[in-house]
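Here's the structure we're looking at; comments come further down.
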Amino acid sequence: AGLVAWALAAAILVAVWALARSRLSRTARRAAGAALAALFVVVVAGAGSRDLIALANAPPPEAVAAAAQLEGAAAARGEPLYLANCASCHGRDGDGNGPMRTLPAAGPMAEAVARLSPQELEYRIANGMAGTPMPPFVGTLSEPERWDLVAYLRQRFAE
């Protein structure tokens with residue numbers, strides 16, 4: 001992950017350079033070079049895809065800068081939205097043990113609520129999460145409904 005993956009890619013490039021300067025036969029150098037090149041592509045693709053998924057799950061700056069009003073009435077409106085849209089995977093109590101099992105498993109709501117800002121929560125609800133079974137709700141829930149849901153999550157699951 002992270003810098004380690006890129007260091008591995010750099011090590012493969014050094015191995016290719018050393019191979020090119022070696023005294024192996026031309027056929028052996030070509031075969032080894034092809035194998036190292038394929039390994040390099042796999043390592044770079046793996047390291048890069050991890051960064052792409054992180055970027056896909058991050059809200060745009062304008063969403064982070066937006067202010068949300070999370071009053072008590074919003075939380076009351078958010079509870080039935082949670083039960084109808086989230087509890088099947090995250091569980092009625094937010095423990096991640098809903099009746100619908102996913103791979104990877106839906107995590108406990110308290111962890112996400114503690115880790116994410118209100119804007120990040122709304123963004124994840126609206127757009128889903130790349131690399132996970134979490135679907136986007138932008139077509140199902142209106143923006144005010146998503147904010148009501150965020151208010152409920154923060155009131156119910158904040159530690």
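Labels for the structure tokens follow display order: chains A, B, ..., residues from 1 in each chain, ligands from 1.
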Contacts between segment 132-144 of chain A and segment 85-126 of chain A, please, where a residue of segment 85-126 of chain A counts if it comes within 12 Å (with only C-alpha atoms); show its shortest atom pair and distance in Å to one decimal, rows by chain and ascending number, as CSV.
residue,atom,partner,partner_atom,distance
A:Asn85,CA,A:Phe137,CA,8.7
A:Cys86,CA,A:Met134,CA,9.5
A:Ser88,CA,A:Met134,CA,11.5
A:Cys89,CA,A:Met134,CA,8.9
A:His90,CA,A:Met134,CA,10.2
A:Met100,CA,A:Pro133,CA,11.1
A:Arg101,CA,A:Pro133,CA,10.0
A:Thr102,CA,A:Pro133,CA,6.6
A:Leu103,CA,A:Pro133,CA,7.0
A:Pro104,CA,A:Thr132,CA,6.6
A:Ala105,CA,A:Pro133,CA,8.6
A:Ala106,CA,A:Met134,CA,8.1
A:Gly107,CA,A:Met134,CA,10.6
A:Gln119,CA,A:Glu143,CA,11.6
A:Leu121,CA,A:Phe137,CA,11.9
A:Glu122,CA,A:Glu143,CA,8.4
A:Tyr123,CA,A:Val138,CA,9.2
A:Arg124,CA,A:Pro136,CA,7.6
A:Ile125,CA,A:Phe137,CA,5.9
A:Ala126,CA,A:Val138,CA,4.4
Deliver the residues from the most recent selection as a file, using all heavy atoms, as a compact mmCIF listing (two decimals), in the first residue's frame.
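After the write, again.txt holds the following:
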# COMPACT_ATOMS: atom_id res chain seq x y z
N ASN A 85 -33.50 2.49 4.09
CA ASN A 85 -32.43 2.46 3.08
C ASN A 85 -31.10 1.89 3.56
O ASN A 85 -30.30 1.45 2.74
CB ASN A 85 -32.18 3.88 2.55
CG ASN A 85 -33.37 4.43 1.82
OD1 ASN A 85 -33.65 4.04 0.70
ND2 ASN A 85 -34.10 5.33 2.47
N CYS A 86 -30.84 1.91 4.85
CA CYS A 86 -29.51 1.56 5.35
C CYS A 86 -29.48 0.32 6.24
O CYS A 86 -28.48 -0.40 6.27
CB CYS A 86 -28.92 2.73 6.13
SG CYS A 86 -29.04 4.33 5.30
N SER A 88 -30.81 -2.52 6.17
CA SER A 88 -30.70 -3.86 5.59
C SER A 88 -29.24 -4.32 5.53
O SER A 88 -28.98 -5.52 5.68
CB SER A 88 -31.33 -3.90 4.20
OG SER A 88 -30.66 -3.02 3.33
N CYS A 89 -28.31 -3.41 5.36
CA CYS A 89 -26.89 -3.79 5.34
C CYS A 89 -26.18 -3.44 6.66
O CYS A 89 -25.41 -4.23 7.19
CB CYS A 89 -26.17 -3.09 4.19
SG CYS A 89 -26.73 -3.59 2.55
N HIS A 90 -26.43 -2.22 7.15
CA HIS A 90 -25.72 -1.75 8.34
C HIS A 90 -26.36 -2.20 9.65
O HIS A 90 -25.77 -2.02 10.72
CB HIS A 90 -25.61 -0.21 8.32
CG HIS A 90 -24.69 0.28 7.26
ND1 HIS A 90 -23.32 0.24 7.38
CD2 HIS A 90 -24.95 0.81 6.04
CE1 HIS A 90 -22.77 0.73 6.28
NE2 HIS A 90 -23.73 1.08 5.45
N MET A 100 -29.02 -8.28 5.13
CA MET A 100 -28.37 -8.44 3.82
C MET A 100 -26.86 -8.40 4.03
O MET A 100 -26.30 -7.40 4.47
CB MET A 100 -28.78 -7.32 2.87
CG MET A 100 -28.16 -7.49 1.49
SD MET A 100 -28.79 -6.31 0.31
CE MET A 100 -30.43 -6.93 0.09
N ARG A 101 -26.19 -9.49 3.74
CA ARG A 101 -24.74 -9.58 3.90
C ARG A 101 -24.05 -9.12 2.62
O ARG A 101 -24.47 -9.44 1.52
CB ARG A 101 -24.31 -11.02 4.21
CG ARG A 101 -24.93 -11.58 5.44
CD ARG A 101 -24.45 -10.83 6.65
NE ARG A 101 -25.09 -11.39 7.84
CZ ARG A 101 -25.06 -10.82 9.00
NH1 ARG A 101 -24.43 -9.69 9.16
NH2 ARG A 101 -25.66 -11.37 10.02
N THR A 102 -23.00 -8.35 2.79
CA THR A 102 -22.24 -7.85 1.64
C THR A 102 -20.77 -8.24 1.79
O THR A 102 -20.31 -8.53 2.89
CB THR A 102 -22.34 -6.31 1.56
OG1 THR A 102 -21.79 -5.73 2.74
CG2 THR A 102 -23.77 -5.85 1.38
N LEU A 103 -20.07 -8.24 0.69
CA LEU A 103 -18.61 -8.47 0.69
C LEU A 103 -17.96 -7.29 0.01
O LEU A 103 -18.22 -7.06 -1.16
CB LEU A 103 -18.27 -9.76 -0.04
CG LEU A 103 -18.63 -11.04 0.69
CD1 LEU A 103 -18.34 -12.24 -0.18
CD2 LEU A 103 -17.89 -11.16 2.00
N PRO A 104 -17.15 -6.53 0.67
CA PRO A 104 -16.85 -6.64 2.10
C PRO A 104 -18.07 -6.29 2.93
O PRO A 104 -19.00 -5.64 2.47
CB PRO A 104 -15.73 -5.61 2.31
CG PRO A 104 -15.89 -4.63 1.21
CD PRO A 104 -16.47 -5.38 0.05
N ALA A 105 -18.04 -6.72 4.19
CA ALA A 105 -19.18 -6.51 5.09
C ALA A 105 -19.38 -5.03 5.36
O ALA A 105 -18.41 -4.27 5.43
CB ALA A 105 -18.93 -7.26 6.40
N ALA A 106 -20.63 -4.63 5.49
CA ALA A 106 -20.95 -3.25 5.87
C ALA A 106 -20.40 -3.02 7.27
O ALA A 106 -20.59 -3.83 8.17
CB ALA A 106 -22.44 -3.03 5.83
N GLY A 107 -19.71 -1.92 7.44
CA GLY A 107 -19.10 -1.64 8.73
C GLY A 107 -20.07 -1.02 9.70
O GLY A 107 -21.16 -0.57 9.33
N GLN A 119 -20.40 16.59 5.77
CA GLN A 119 -20.36 16.73 4.31
C GLN A 119 -19.86 15.45 3.65
O GLN A 119 -20.37 15.05 2.61
CB GLN A 119 -19.46 17.91 3.91
CG GLN A 119 -20.02 19.25 4.32
CD GLN A 119 -19.76 19.60 5.78
OE1 GLN A 119 -18.98 18.96 6.48
NE2 GLN A 119 -20.44 20.64 6.27
N LEU A 121 -20.18 12.41 4.92
CA LEU A 121 -21.25 11.43 5.06
C LEU A 121 -22.31 11.64 3.97
O LEU A 121 -22.74 10.68 3.32
CB LEU A 121 -21.91 11.54 6.43
CG LEU A 121 -21.20 10.89 7.60
CD1 LEU A 121 -21.85 11.28 8.91
CD2 LEU A 121 -21.17 9.38 7.44
N GLU A 122 -22.73 12.89 3.76
CA GLU A 122 -23.74 13.18 2.74
C GLU A 122 -23.24 12.79 1.36
O GLU A 122 -23.96 12.20 0.56
CB GLU A 122 -24.12 14.66 2.77
CG GLU A 122 -25.34 15.02 1.94
CD GLU A 122 -25.05 15.21 0.45
OE1 GLU A 122 -23.90 15.56 0.09
OE2 GLU A 122 -25.97 15.02 -0.36
N TYR A 123 -21.97 13.06 1.09
CA TYR A 123 -21.38 12.72 -0.21
C TYR A 123 -21.37 11.20 -0.41
O TYR A 123 -21.71 10.70 -1.48
CB TYR A 123 -19.97 13.28 -0.31
CG TYR A 123 -19.31 13.00 -1.63
CD1 TYR A 123 -19.56 13.81 -2.72
CD2 TYR A 123 -18.45 11.92 -1.78
CE1 TYR A 123 -18.96 13.55 -3.95
CE2 TYR A 123 -17.86 11.65 -3.01
CZ TYR A 123 -18.11 12.47 -4.07
OH TYR A 123 -17.53 12.20 -5.28
N ARG A 124 -21.00 10.46 0.63
CA ARG A 124 -20.96 9.00 0.51
C ARG A 124 -22.36 8.42 0.33
O ARG A 124 -22.56 7.47 -0.41
CB ARG A 124 -20.31 8.38 1.75
CG ARG A 124 -18.84 8.74 1.86
CD ARG A 124 -17.98 7.53 1.77
NE ARG A 124 -16.58 7.88 1.77
CZ ARG A 124 -15.71 7.43 2.65
NH1 ARG A 124 -16.10 6.64 3.63
NH2 ARG A 124 -14.44 7.76 2.55
N ILE A 125 -23.34 9.00 1.02
CA ILE A 125 -24.72 8.54 0.85
C ILE A 125 -25.18 8.83 -0.58
O ILE A 125 -25.77 7.97 -1.23
CB ILE A 125 -25.65 9.21 1.88
CG1 ILE A 125 -25.31 8.74 3.29
CG2 ILE A 125 -27.12 8.94 1.55
CD1 ILE A 125 -25.92 9.58 4.40
N ALA A 126 -24.89 10.01 -1.07
CA ALA A 126 -25.33 10.41 -2.41
C ALA A 126 -24.66 9.58 -3.49
O ALA A 126 -25.32 9.12 -4.43
CB ALA A 126 -25.05 11.89 -2.65
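Every protein or nucleic acid residue with an atom no more than 9 Å from Glu79 of chain A, counting only C-alpha atoms and leaving out same-chain residues fewer than 4 positions away, appears here: Ala74, Ala75, Leu83, Ala84, Asp148, Leu149, Tyr152, Leu153 and Arg156 of chain A.
For the choices A:Leu39, A:Ala58, A:Arg154, A:Arg26, the atom-to-atom distance to Ala112 of chain A is smallest for A:Arg154 when using only C-alpha atoms.
Take the candidates A:Ala158, A:Ala31, A:Ala38, A:Ala18 and check each one against Glu111 of chain A using only C-alpha atoms; the shortest distance goes to A:Ala158.
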Contacts of Trp17 of chain A at 12 Å (only C-alpha atoms; same-chain gap of 3+ positions) as a ChimeraX atom specification: /A:10-14,20-22,29,32-33,36-37
So how many Å separate atom CA of Ile53 of chain A and atom CA of Asn127 of chain A, to one decimal? 12.7 Å
If you run DSSP over the backbone, which residues in segment 79-156 of chain A end up alpha helix (DSSP H)? Put them as a VMD selection string. chain A and resid 79 to 85 87 to 90 109 to 115 118 to 127 143 to 156
Nearest to Gly78 of chain A, chosen from A:Val16, A:Met129, A:Val150, A:Ala9, with only C-alpha atoms counted in the distances: A:Val150
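Rounded to one decimal, atom CA of Gly128 of chain A and atom CA of Val44 of chain A lie 25.6 Å from each other.
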Have a look at atom CA of Val42 of chain A and atom CA of Ala7 of chain A and let me know their distance in Å, one decimal. 13.5 Å
With distances taken over only C-alpha atoms, which residue among A:Ala130, A:Ala54, A:Arg77, A:Gly72 lies nearest Glu145 of chain A? A:Arg77
